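Taking it in order: structure first as structure tokens, then the write-up.
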Amino acid sequence: MSDRVIIQRVLEGDVEAFSRLVDLHYARCARIAFRILGNREDAEEAIQDAFLRAFKALSDYEDRERFSAWLTRILVNQCRTVLARTKRRDALFADVDPQRLDFIVAMESDDGRWPELEHVLGRLPAQQREAIVLKYADDLTYEEMARVTGAGESALKMRVQRAFARLRALLQEVPSV
Amino acid sequence: MSDWFERRVARALRADVPLAVDESARRRVMARVREAAADGHPGRRRGDAWSRISRHSIVALSLAAGIGGITTLSAVVPQARRDAGALSAVVIGDSVVSTLHDTLRLVRLILDAPDARRVAVAGDFNRWDAEATPLVRDGRSPRWSVTLALRDGAHRYAFVVDGTRWVPDPRAERSARDESGRLYSLLTLSRTAN
């Protein structure tokens, strides 16, 4: 069942149909929120608030835009709200012991997860972190990212580029063999 | 994106996070949606009563417990206390369990214990069973947490680290020793806190 059909059902009064949208988009939202906010509690709060806002504003959704991108825009705004309210960004991520950096790359697991990356994401400026997460955790195009963030495409490309440079410095790239 | 490092970062960012497969988290979303639906159909913008209630509870209870809300304690707790473990206990809402009992509250207990292999919480609510209520580690972070449904009233509790080390809440409003000299913390839940 497509997003459009589900949305129509919800708007006709079938509240439970909204759970299909939750099922379809929750994992993606979790990737975005967790990596922007850096901890599970804040991420879950932002996701809950985002879905709730989406539900309440569903009649305003226009299908010229992908529902996923519309939802992402709401989610990113919620993440920004959480960050602004808690002012915990600098405290969210525990400092990584520099002596551990030597084996950080080797800790990447087979499924692609890279725990130390999650930690050092918190050292990126918020705009860079948001940009690189949207680009790769959500596979958005720069055009979609511009709609989500309100920033220009060239600025977003620069943020992603700088994010990579910062991460490279933080994680001390180990040459492949 | 051309090089090895960037491909690796991109792959890691696409990897799922534990929260993504948490079915209970999805159910909590729908619990809030149903609350909103009871207040008005999509498109009818009304106040989010649940949100107001739950956030008010968080602030009120945090103040009552003498703690600063959901805080990343590693940043504010001195190293010695961090080593001993740091706790933040927060009511995250009661509406989602209203079908069970209207005085049950959901309380999330959090312990930052980076070196622990396992953590549990024991208290009046589980007859001080050191195995019954384990906390779950959030990925590889130092944070352990569990969410409990507790009735209004005073609850005594302590964390049990690695099955042997009892850790009270260093920031709780009150701590005391039981008959055997073991430290415990006190959490008070009351509707007047709202």
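Following the order of the structure tokens, first chain is A, next is B, and so on, with residues numbered from 1 inside each chain and ligands from 1 in the order they appear.
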| task | Excluding A:Val148 and any residue of its chain fewer than 6 positions from it, enumerate the residues within 12 Å of it, using only C-alpha atoms, and give them as a PyMOL selection string. | result | chain A and resi 65-78+130-131+134-135+138+140-142+156
Export of the given selection (N, CA and C atoms) as a compact mmCIF listing (two decimals), in the first residue's frame:
# COMPACT_ATOMS: atom_id res chain seq x y z
N GLU A 65 5.20 16.51 -3.10
CA GLU A 65 6.45 16.18 -2.40
C GLU A 65 6.34 14.75 -1.89
N ARG A 66 7.47 14.03 -1.89
CA ARG A 66 7.46 12.69 -1.30
C ARG A 66 7.08 12.81 0.17
N PHE A 67 6.24 11.88 0.64
CA PHE A 67 5.87 11.92 2.06
C PHE A 67 7.11 11.80 2.93
N SER A 68 8.05 10.94 2.50
CA SER A 68 9.25 10.73 3.31
C SER A 68 10.02 12.03 3.49
N ALA A 69 10.12 12.83 2.44
CA ALA A 69 10.85 14.09 2.54
C ALA A 69 10.09 15.08 3.43
N TRP A 70 8.77 15.07 3.30
CA TRP A 70 7.93 15.94 4.15
C TRP A 70 8.12 15.57 5.62
N LEU A 71 8.07 14.28 5.88
CA LEU A 71 8.25 13.81 7.26
C LEU A 71 9.65 14.13 7.77
N THR A 72 10.64 13.97 6.90
CA THR A 72 12.01 14.27 7.30
C THR A 72 12.14 15.74 7.70
N ARG A 73 11.47 16.62 6.94
CA ARG A 73 11.55 18.04 7.27
C ARG A 73 11.00 18.29 8.68
N ILE A 74 9.88 17.64 8.98
CA ILE A 74 9.30 17.80 10.32
C ILE A 74 10.27 17.24 11.37
N LEU A 75 10.84 16.09 11.06
CA LEU A 75 11.75 15.44 12.02
C LEU A 75 12.98 16.30 12.29
N VAL A 76 13.55 16.84 11.23
CA VAL A 76 14.75 17.67 11.41
C VAL A 76 14.42 18.89 12.26
N ASN A 77 13.24 19.46 12.05
CA ASN A 77 12.83 20.59 12.89
C ASN A 77 12.70 20.17 14.34
N GLN A 78 12.16 18.98 14.56
CA GLN A 78 12.04 18.49 15.94
C GLN A 78 13.41 18.25 16.56
N GLU A 130 24.07 17.58 10.55
CA GLU A 130 22.75 17.43 9.95
C GLU A 130 22.87 17.14 8.45
N ALA A 131 23.76 17.85 7.78
CA ALA A 131 23.90 17.69 6.33
C ALA A 131 24.40 16.29 5.96
N LEU A 134 21.68 13.63 6.64
CA LEU A 134 20.59 13.63 5.65
C LEU A 134 21.08 13.07 4.32
N LYS A 135 22.30 13.39 3.96
CA LYS A 135 22.83 12.94 2.67
C LYS A 135 22.98 11.42 2.64
N ASP A 138 19.83 9.16 5.00
CA ASP A 138 18.50 9.22 4.40
C ASP A 138 18.56 9.23 2.88
N LEU A 140 19.10 11.48 0.73
CA LEU A 140 18.41 12.59 0.07
C LEU A 140 19.31 13.20 -1.01
N THR A 141 18.68 13.75 -2.05
CA THR A 141 19.44 14.53 -3.02
C THR A 141 19.71 15.91 -2.41
N TYR A 142 20.65 16.63 -3.00
CA TYR A 142 20.91 17.97 -2.46
C TYR A 142 19.68 18.87 -2.63
N LEU A 156 25.08 23.32 1.26
CA LEU A 156 24.96 21.95 1.79
C LEU A 156 26.12 21.07 1.31
With only C-alpha atoms counted and 8 Å as the cut-off, give the residues of chain A in contact with chain B, each with its shortest interatomic distance in Å and the pair that gives it, as a Markdown table.
| residue | atom | partner | partner_atom | distance |
| --- | --- | --- | --- | --- |
| A:Val10 | CA | B:Pro42 | CA | 7.9 |
| A:Leu11 | CA | B:Pro42 | CA | 6.5 |
| A:Gly13 | CA | B:His41 | CA | 7.2 |
| A:Val15 | CA | B:Ala37 | CA | 7.1 |
| A:Phe18 | CA | B:Met30 | CA | 7.9 |
| A:Ser19 | CA | B:Met30 | CA | 6.4 |
| A:Val22 | CA | B:Arg26 | CA | 6.8 |
| A:Asp23 | CA | B:Arg26 | CA | 7.4 |
| A:Tyr26 | CA | B:Ala20 | CA | 6.4 |
| A:Ala27 | CA | B:Ala20 | CA | 4.2 |
| A:Arg28 | CA | B:Ala20 | CA | 7.4 |
| A:Cys29 | CA | B:Ala20 | CA | 7.9 |
| A:Ala30 | CA | B:Ala20 | CA | 5.2 |
| A:Arg31 | CA | B:Val17 | CA | 5.9 |
| A:Phe34 | CA | B:Val17 | CA | 7.5 |
| A:Arg35 | CA | B:Leu13 | CA | 7.8 |
| A:Arg40 | CA | B:Leu19 | CA | 6.8 |
| A:Glu44 | CA | B:Ala25 | CA | 7.3 |
| A:Gln48 | CA | B:Val29 | CA | 5.2 |
| A:Phe51 | CA | B:Val29 | CA | 7.1 |
| A:Leu52 | CA | B:Val33 | CA | 5.8 |
| A:Phe55 | CA | B:Pro42 | CA | 5.7 |
| A:Lys56 | CA | B:Pro42 | CA | 4.4 |
| A:Ala57 | CA | B:Gly43 | CA | 5.0 |
| A:Leu58 | CA | B:Pro42 | CA | 5.8 |
| A:Ser59 | CA | B:Gly43 | CA | 4.9 |
| A:Asp60 | CA | B:Gly43 | CA | 6.9 |
| A:Arg88 | CA | B:Thr72 | CA | 7.6 |
| A:Ala91 | CA | B:Ala75 | CA | 5.5 |
| A:Leu92 | CA | B:Thr72 | CA | 6.2 |
| A:Ala94 | CA | B:Ser74 | CA | 7.1 |
| A:Asp111 | CA | B:Ala15 | CA | 7.2 |
| A:Gly112 | CA | B:Ala12 | CA | 4.9 |
| A:Arg113 | CA | B:Ala12 | CA | 4.9 |
| A:Trp114 | CA | B:Ala12 | CA | 5.7 |
| A:Pro115 | CA | B:Arg140 | CA | 6.5 |
| A:Leu117 | CA | B:Val9 | CA | 7.8 |
| A:Val133 | CA | B:Leu13 | CA | 6.7 |
| A:Tyr136 | CA | B:Ala10 | CA | 5.4 |
| A:Ala137 | CA | B:Arg14 | CA | 4.5 |
| A:Asp138 | CA | B:Arg14 | CA | 7.3 |
| A:Phe164 | CA | B:Glu6 | CA | 6.9 |
| A:Arg168 | CA | B:Phe5 | CA | 7.5 |
| A:Glu173 | CA | B:Phe5 | CA | 6.9 |
| A:Ser176 | CA | B:Trp4 | CA | 7.7 |
Just to be explicit: take each residue in the selection above, keep N, CA and C atoms, and write the result as a short mmCIF file (atom, residue, chain, number, x, y, z; two decimals), in the first residue's frame.
data_model
loop_
_atom_site.label_atom_id
_atom_site.label_comp_id
_atom_site.auth_asym_id
_atom_site.auth_seq_id
_atom_site.Cartn_x
_atom_site.Cartn_y
_atom_site.Cartn_z
N VAL A 10 -6.22 7.53 6.46
CA VAL A 10 -6.14 8.23 7.74
C VAL A 10 -7.04 9.47 7.72
N LEU A 11 -6.97 10.19 6.63
CA LEU A 11 -7.77 11.42 6.53
C LEU A 11 -9.27 11.11 6.50
N GLY A 13 -10.52 8.99 8.43
CA GLY A 13 -10.90 8.66 9.80
C GLY A 13 -10.31 7.37 10.34
N VAL A 15 -7.68 6.00 11.95
CA VAL A 15 -6.47 6.40 12.70
C VAL A 15 -5.44 5.28 12.70
N PHE A 18 -2.53 4.88 10.32
CA PHE A 18 -1.30 5.66 10.50
C PHE A 18 -0.14 4.79 10.96
N SER A 19 -0.48 3.67 11.63
CA SER A 19 0.59 2.78 12.09
C SER A 19 1.39 2.21 10.92
N VAL A 22 3.99 4.65 10.28
CA VAL A 22 5.01 4.53 11.32
C VAL A 22 5.94 3.36 10.99
N ASP A 23 5.33 2.22 10.65
CA ASP A 23 6.14 1.04 10.33
C ASP A 23 7.07 1.31 9.14
N TYR A 26 9.70 4.43 10.35
CA TYR A 26 10.32 4.57 11.68
C TYR A 26 11.83 4.33 11.64
N ALA A 27 12.24 3.27 10.96
CA ALA A 27 13.67 2.93 10.96
C ALA A 27 14.50 4.06 10.34
N ARG A 28 13.98 4.62 9.28
CA ARG A 28 14.68 5.72 8.62
C ARG A 28 14.77 6.93 9.56
N CYS A 29 13.65 7.24 10.20
CA CYS A 29 13.64 8.36 11.16
C CYS A 29 14.60 8.10 12.31
N ALA A 30 14.67 6.84 12.74
CA ALA A 30 15.57 6.51 13.85
C ALA A 30 17.02 6.76 13.46
N ARG A 31 17.37 6.36 12.24
CA ARG A 31 18.75 6.60 11.77
C ARG A 31 19.08 8.09 11.80
N PHE A 34 18.78 9.63 15.64
CA PHE A 34 19.84 9.15 16.54
C PHE A 34 21.17 9.77 16.16
N ARG A 35 21.42 9.89 14.86
CA ARG A 35 22.75 10.38 14.46
C ARG A 35 22.84 11.90 14.54
N ARG A 40 19.65 7.82 22.41
CA ARG A 40 18.38 7.15 22.12
C ARG A 40 17.18 7.91 22.69
N GLU A 44 14.22 9.27 20.36
CA GLU A 44 12.84 8.75 20.44
C GLU A 44 11.85 9.88 20.67
N GLN A 48 8.83 10.72 18.09
CA GLN A 48 7.43 10.74 18.54
C GLN A 48 6.78 12.07 18.20
N PHE A 51 6.20 12.36 14.36
CA PHE A 51 5.05 11.61 13.85
C PHE A 51 3.74 12.26 14.32
N LEU A 52 3.75 12.73 15.55
CA LEU A 52 2.53 13.36 16.06
C LEU A 52 2.20 14.63 15.28
N PHE A 55 0.90 13.64 11.91
CA PHE A 55 -0.49 13.19 12.00
C PHE A 55 -1.44 14.38 12.06
N LYS A 56 -1.10 15.33 12.90
CA LYS A 56 -1.99 16.48 13.07
C LYS A 56 -2.06 17.35 11.83
N ALA A 57 -0.97 17.37 11.09
CA ALA A 57 -0.91 18.25 9.92
C ALA A 57 -1.14 17.49 8.62
N LEU A 58 -1.61 16.27 8.72
CA LEU A 58 -1.68 15.41 7.53
C LEU A 58 -2.54 16.02 6.42
N SER A 59 -3.55 16.76 6.80
CA SER A 59 -4.41 17.35 5.76
C SER A 59 -3.68 18.46 5.01
N ASP A 60 -2.57 18.94 5.57
CA ASP A 60 -1.78 19.97 4.88
C ASP A 60 -0.76 19.38 3.92
N ARG A 88 22.35 20.52 25.01
CA ARG A 88 23.25 19.48 25.50
C ARG A 88 24.19 18.98 24.42
N ALA A 91 27.54 18.07 25.36
CA ALA A 91 27.65 17.05 26.40
C ALA A 91 27.12 15.70 25.94
N LEU A 92 26.52 15.67 24.77
CA LEU A 92 25.86 14.43 24.35
C LEU A 92 26.85 13.31 24.09
N ALA A 94 30.36 11.54 24.69
CA ALA A 94 31.52 11.43 25.58
C ALA A 94 32.80 11.62 24.77
N ASP A 111 28.42 -5.45 9.59
CA ASP A 111 27.19 -4.88 9.05
C ASP A 111 27.29 -3.39 8.77
N GLY A 112 28.49 -2.86 8.83
CA GLY A 112 28.68 -1.46 8.48
C GLY A 112 28.66 -0.53 9.67
N ARG A 113 28.20 -1.01 10.82
CA ARG A 113 28.13 -0.11 11.97
C ARG A 113 29.54 0.25 12.44
N TRP A 114 29.68 1.45 12.87
CA TRP A 114 30.99 1.98 13.22
C TRP A 114 30.80 2.80 14.48
N PRO A 115 30.85 2.16 15.64
CA PRO A 115 30.45 2.82 16.88
C PRO A 115 31.19 4.12 17.16
N LEU A 117 32.34 6.19 15.14
CA LEU A 117 31.83 7.26 14.27
C LEU A 117 30.63 7.94 14.93
N VAL A 133 24.28 13.56 7.70
CA VAL A 133 23.30 12.54 8.06
C VAL A 133 22.17 12.48 7.03
N TYR A 136 23.48 10.85 3.74
CA TYR A 136 23.83 9.43 3.67
C TYR A 136 22.92 8.52 4.51
N ALA A 137 22.44 9.01 5.64
CA ALA A 137 21.53 8.16 6.42
C ALA A 137 20.16 8.12 5.76
N ASP A 138 19.83 9.16 5.00
CA ASP A 138 18.50 9.22 4.40
C ASP A 138 18.56 9.23 2.88
N PHE A 164 33.20 15.63 6.12
CA PHE A 164 34.11 14.52 5.83
C PHE A 164 35.53 14.87 6.26
N ARG A 168 37.49 12.79 9.02
CA ARG A 168 38.76 12.15 8.64
C ARG A 168 39.83 12.48 9.68
N GLU A 173 42.24 8.36 9.50
CA GLU A 173 42.09 7.34 8.47
C GLU A 173 43.30 6.39 8.42
N SER A 176 43.95 1.70 3.37
CA SER A 176 43.52 0.34 3.07
C SER A 176 44.70 -0.46 2.56
#
| How many Å separate atom CA of B:Leu109 from atom CA of B:Val146? | 5.4 Å
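Between atom CA of B:Arg118 and atom CA of B:Thr147 the separation is 16.1 Å.
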